[in-house]
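Here the structure comes first, spelled out in structure tokens, and everything after it is commentary.
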Number of protein chains: 2
Amino acid sequence: MGFRATPRVRSLHSFPGITVAQIDEEVAKLLQLKAQIGGDDGKHQFVLKTAKGTRDYNPKQMAIREKVFSTIIGCFKRHGAETIDTPVFELKETLTGKYGEDSKLIYDLKDQGGELLSLRYDLTVPFARYLAMNKITNIKRYHIAKVYRRDNPAMTRGRYREFYQCDFDIAGQYDAMIPDAECLKIVHEILSGLDLGDFRIKVNDRRILDGMFAVCGVPDDKFRTICSTVDKLDKMPWEDVRKEMVNEKGLSEEAADQIGEYVSLQGGMDLAERLLQDQKMSQSKQACAGLSDIKLLFSYLQLFQATDKVVFDLSLARGLDYYTGIIYEAVLTQAGVATVSTEAQNGAEESVSVGSVAGGGRYDGLVGMFDPKGRKVPCVGVSIGIERIFSIMEQKAEAAAEKVRTTEVQVMVASAQKNLLEERLQLVSELWNAGIKAEVMYKKNPKLLSQLQHCEESGIPLVAILGEQELKDGVVKLRVVASREEKPSGDQQRRIPLPGWTEE
Amino acid sequence: MGFRATPRVRSLHSFPGITVAQIDEEVAKLLQLKAQIGGDDGKHQFVLKTAKGTRDYNPKQMAIREKVFSTIIGCFKRHGAETIDTPVFELKETLTGKYGEDSKLIYDLKDQGGELLSLRYDLTVPFARYLAMNKITNIKRYHIAKVYRRDNPAMTRGRYREFYQCDFDIAGQYDAMIPDAECLKIVHEILSGLDLGDFRIKVNDRRILDGMFAVCGVPDDKFRTICSTVDKLDKMPWEDVRKEMVNEKGLSEEAADQIGEYVSLQGGMDLAERLLQDQKMSQSKQACAGLSDIKLLFSYLQLFQATDKVVFDLSLARGLDYYTGIIYEAVLTQAGVATVSTEAQNGAEESVSVGSVAGGGRYDGLVGMFDPKGRKVPCVGVSIGIERIFSIMEQKAEAAAEKVRTTEVQVMVASAQKNLLEERLQLVSELWNAGIKAEVMYKKNPKLLSQLQHCEESGIPLVAILGEQELKDGVVKLRVVASREEKPSGDQQRRIPLPGWTEE
């Protein structure tokens, strides 16, 4: 082949005067050429599939999804949250500079003229944009919607390129730790309500982490990278984490060992108290502020009866840059589910604990990034790892060989004899008008057996059976599908108006 | 300056051996180079807005949206529908060739390596893809989700680039007109249930239209274009439609006048009977099949008590290519709302009647386009013009100066004195645990007035007020916000456990 553009391009690297505008122009020309050639080379086979990393939800999956959403939304509403919605795509620049390295995972839309757009990567940045744009300084809102990441999908483990996020956030200038405690209470209520087995909510504070790094002698410019190494402690033993710190990140052995001592600590309010007295830790003003807040948090959690599941864990270090205060993460502790990897939650670069099903924290600076005058709106929020929860619920339903109903039909209107279509249609219409969920087969003369089979398959509990005799007697035979009991009498007795009676 | 790749690219045009794969490689290299240079040249102004043609939904809009959805979903469920969900983007080729001219309105994703993707344009094509891919031959499903069209937005008139569709479809080989009649019954129930004022459902049949064109002497190859001119009859007087047919589309005056006579006809079952006897119309086998089905449809609609709103209208000609049988469209007939233009519904090129709020029809060939062996799955469905309905409901709420609640909070836990934060937190937690929707202000010492104001603003009906005296007496004062009535006695009397009692 003689297409020699490749070496030409290569030569550009050494060309000093090249501008981005010129590259854009160049790319546009090549793409136009591609279009002229006629799209792809040759005819490809038509592929019947969804895009990589995405899936359809079938009715069974939707039924489970609805149940989970209803528990979660019920909790959000119980706590007085409003809801908002934002478009699925944002101006590209709205997302720029918010996700660090992971920006490469953002889906861009094709430049078809007009604005440059990207699919939303999470719900937190659109929320911050919404607050700044509408100058909202306090709101308690939830938002459940799909987000998009060009990640390597691991779909068997519930990791997709299109997935739901389910966020609850409280924005506003309030007294310390009150909204923060409510977020944890919400996680507690939701995980209890979904009946996913035992769980633990780990809490820590960005200021405690930073203070700890400072007093252990980590250079300022290494805070973030050391923090992301600490973040691996839920997947790696300490020895390996230490090795990474020392060998890869160039931390002194002494500093690493001191960090090692701290990050092995877990406890409750008592631990926070002890660390406030700790000779080293107490040198950091930041750490002390964080520790005092942890104490306050636990006192509120006691009032909320939520301390049984909450543990102050100095190894928790959620990777998101925008956290400024308390951070937390909930993990399922039962063996069966803890071995599966989990869906990435709220934001970029976060730690994905094995079994992690919720996470969040305080981010007081994000909204200010969107405000022209940099006005800050303090925020704290939590993201429920809903896809992970779907998977667990699906597995549970399958394991229990549970019959998941995909409709809510209460009555099937059936006939035992031929030529009763009109009577069936009239009766089903009466039921609909009375607000009863009812179905009828779309056949003139369906067999009784196939009508009953449909009920068994889709879990319809009752059949209203019409026959010549019943029509003559002005009643409907009601059959309980499960017990096969039939009763044309008593409460169930009812007149059927003959066709034409009600019309006109 | 001096970047001379442009002429190099130009030279590629004349180069015979170039392949698309090579162009792709070339583009990738240039983009990589662009990334190295560092994104965009210079700093541009940061713009705080949503993408063109899109909007956020604020809590008030969401409350209205939820109400509308709940009515519609309630109806779909009453009729035994399951629900599914599909990804927001599809392989580009899945959408190719389904929307005719309007394909230019499809949003493509940027080619970032891997598959070429596009945002879904409607829910019907993904539904057909889903059926073919999963070899499903019968299903009754609804699907409510956003679709995307790079149209010229007219947002003041409720026309957006991102908007909801709300589809109900019945797929399967059934006896004629039974599922079709249920779709119309559903439109009838939903529009009655939403209380949007009077409405009319126009029905026609693609086969009647085609038969009519044939007997009026329209050449075969002009059926589609004449059909789309007929489609304009709800917005243009007949004289203008006739002019377009004759002057622009080259139809004979005689043929146009014959069409003119037919399309002025409106009626019910009687009209269908009359046309079956019509000397000209009866010559078309197609038209006769359609007319017989219209008769059958009306007989079923009588049983469903839905004929009061349905009219057989020979001027109805929904533009979508994929319709094969009955078509219908619902319009609001009240003056106030009929003047506003409406949201495009189900599919491309469809007619957008003034005041149109639902539309659909039978499309027996679409699924076959996705099946490798072309196996057909007959389908009939309806799309509710939900954005149009949102706008009307919003206008109504505004006109009525109606207070739309955005939360469902039942009780505000307040205090009259200082230093009762702990007691408030404990009580609100008790209420949450009891399933009661409750709120508390996130302040240590909020003023009673500001707590009461919050209740008035957000429509919270009850305040539970804590004070020293109540704590001593072990009761809570309950205040009805609207009447300012207070009662610490009777049913409302309750003990408050002191802090610490329930913990441990």
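As shown in the structure tokens, the chain order sets the letters A, B, ...; within each chain, residues go from 1, and ligands are also counted from 1 in the order they appear.
In this comparison, chain B was overlaid on chain A using all C-alpha atoms paired by position, and the resulting RMSD is 2.0 Å.
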Open item on the list: Between atom CA of B:Cys166 and atom CA of B:Gly381, what is the distance in Å, rounded to a tenth?
Closed with: 10.6 Å
TODO: Mind the document's chain letters and residue numbers, and return as a PyMOL selection string the residues of stretch 170-282 of chain B that DSSP labels strand (DSSP E or B).
DONE: chain B and resi 170-171+199-205+266-267
Task: Shell of 10 Å around B:Tyr148, only C-alpha atoms, local chain residues under 4 positions omitted, as number ranges by chain - done: A: 88; B: 53-54, 88-89, 105-107, 118-122, 160-165
Task: Near-stretch 69-86 of chain A list (6 Å; only C-alpha atoms; drop same-chain fewer than 3 positions) as a VMD selection string - done: (chain A and resid 66 140 to 143) or (chain B and resid 56 to 59 406 to 407 409 437 to 438)
Those residues you just picked out, can you put them in a file as a CSV table (one decimal), in the first residue's frame with N, CA and C atoms?
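So the final result, stored in result-v4.csv, reads:
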```csv
chain,number,residue,atom,x,y,z
A,66,GLU,N,-37.4,-1.4,39.6
A,66,GLU,CA,-38.5,-0.6,40.1
A,66,GLU,C,-38.6,-0.7,41.7
A,140,LYS,N,-32.0,20.5,49.1
A,140,LYS,CA,-31.8,19.0,49.5
A,140,LYS,C,-32.4,18.3,48.3
A,141,ARG,N,-31.6,17.7,47.5
A,141,ARG,CA,-32.2,17.1,46.3
A,141,ARG,C,-31.7,15.7,46.0
A,142,TYR,N,-32.5,14.8,45.4
A,142,TYR,CA,-32.0,13.6,44.9
A,142,TYR,C,-32.0,13.6,43.4
A,143,HIS,N,-31.2,12.8,42.7
A,143,HIS,CA,-31.2,12.7,41.3
A,143,HIS,C,-30.8,11.3,40.9
B,56,ASP,N,-32.8,22.0,32.2
B,56,ASP,CA,-32.9,21.3,33.5
B,56,ASP,C,-34.4,21.3,33.9
B,57,TYR,N,-34.7,20.3,34.6
B,57,TYR,CA,-36.0,20.3,35.3
B,57,TYR,C,-35.8,20.7,36.7
B,58,ASN,N,-36.5,21.8,37.2
B,58,ASN,CA,-36.4,22.1,38.6
B,58,ASN,C,-37.4,21.3,39.4
B,59,PRO,N,-37.3,21.4,40.7
B,59,PRO,CA,-38.1,20.5,41.6
B,59,PRO,C,-39.6,20.7,41.3
B,406,THR,N,-43.1,20.4,46.3
B,406,THR,CA,-42.0,19.7,45.7
B,406,THR,C,-41.4,18.7,46.6
B,407,THR,N,-41.9,18.6,47.8
B,407,THR,CA,-41.6,17.5,48.7
B,407,THR,C,-42.9,17.0,49.3
B,409,VAL,N,-43.0,16.2,52.7
B,409,VAL,CA,-42.8,16.2,54.1
B,409,VAL,C,-44.1,16.5,54.9
B,437,LYS,N,-42.6,11.1,56.9
B,437,LYS,CA,-41.8,12.1,56.2
B,437,LYS,C,-41.6,13.3,57.0
B,438,ALA,N,-40.4,13.5,57.5
B,438,ALA,CA,-40.1,14.6,58.4
B,438,ALA,C,-38.8,15.3,58.1
```
Open item on the list: List as an MDAnalysis selection string the protein and nucleic acid residues near A:Val404, meaning an atom at most 8 Å away when only C-alpha atoms are counted, but skip any in the same chain fewer than 3 places from it.
Closed with: chainID A and resid 60 63:64 397
Could you please take those selected residues and save N, CA, C and O atoms as a PDB file, in the first residue's frame?
```pdb
ATOM      1  N   LYS A  60     -38.194  -8.415  33.546  1.00  0.00           N
ATOM      2  CA  LYS A  60     -37.862  -8.948  34.868  1.00  0.00           C
ATOM      3  C   LYS A  60     -36.865  -8.037  35.573  1.00  0.00           C
ATOM      4  O   LYS A  60     -37.003  -7.730  36.763  1.00  0.00           O
ATOM      5  N   ALA A  63     -38.544  -4.972  36.735  1.00  0.00           N
ATOM      6  CA  ALA A  63     -39.373  -5.144  37.929  1.00  0.00           C
ATOM      7  C   ALA A  63     -38.497  -5.040  39.181  1.00  0.00           C
ATOM      8  O   ALA A  63     -38.867  -4.385  40.165  1.00  0.00           O
ATOM      9  N   ILE A  64     -37.311  -5.656  39.131  1.00  0.00           N
ATOM     10  CA  ILE A  64     -36.384  -5.567  40.262  1.00  0.00           C
ATOM     11  C   ILE A  64     -35.889  -4.132  40.431  1.00  0.00           C
ATOM     12  O   ILE A  64     -35.838  -3.593  41.532  1.00  0.00           O
ATOM     13  N   ALA A 397     -32.834 -13.155  43.584  1.00  0.00           N
ATOM     14  CA  ALA A 397     -34.093 -13.618  43.009  1.00  0.00           C
ATOM     15  C   ALA A 397     -33.877 -14.942  42.291  1.00  0.00           C
ATOM     16  O   ALA A 397     -34.696 -15.857  42.362  1.00  0.00           O
TER      17      ALA A 397
END
```
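Distance annotation: of B:Val47, B:Met393, B:Leu271, B:Val481, the residue with the minimal separation from A:Met133 is B:Val47; atom set is only C-alpha atoms.
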Task: Filtered DSSP result for stretch 121-336 of chain A, state helix (DSSP H, G or I), as an MDAnalysis selection string - done: chainID A and resid 124:133 155:157 178:194 206:215 220:234 238:248 253:263 269:277 281:283 285:303 307:309 335:336
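Nearest residue to chain B among A:Lys376, A:Arg150, A:Lys309, A:Lys443 is A:Lys443, counting only C-alpha atoms.
If only C-alpha atoms are the atoms counted, then among A:Asp313, A:Glu93, A:Asp151, A:Glu456 the closest residue to chain B is A:Glu93.
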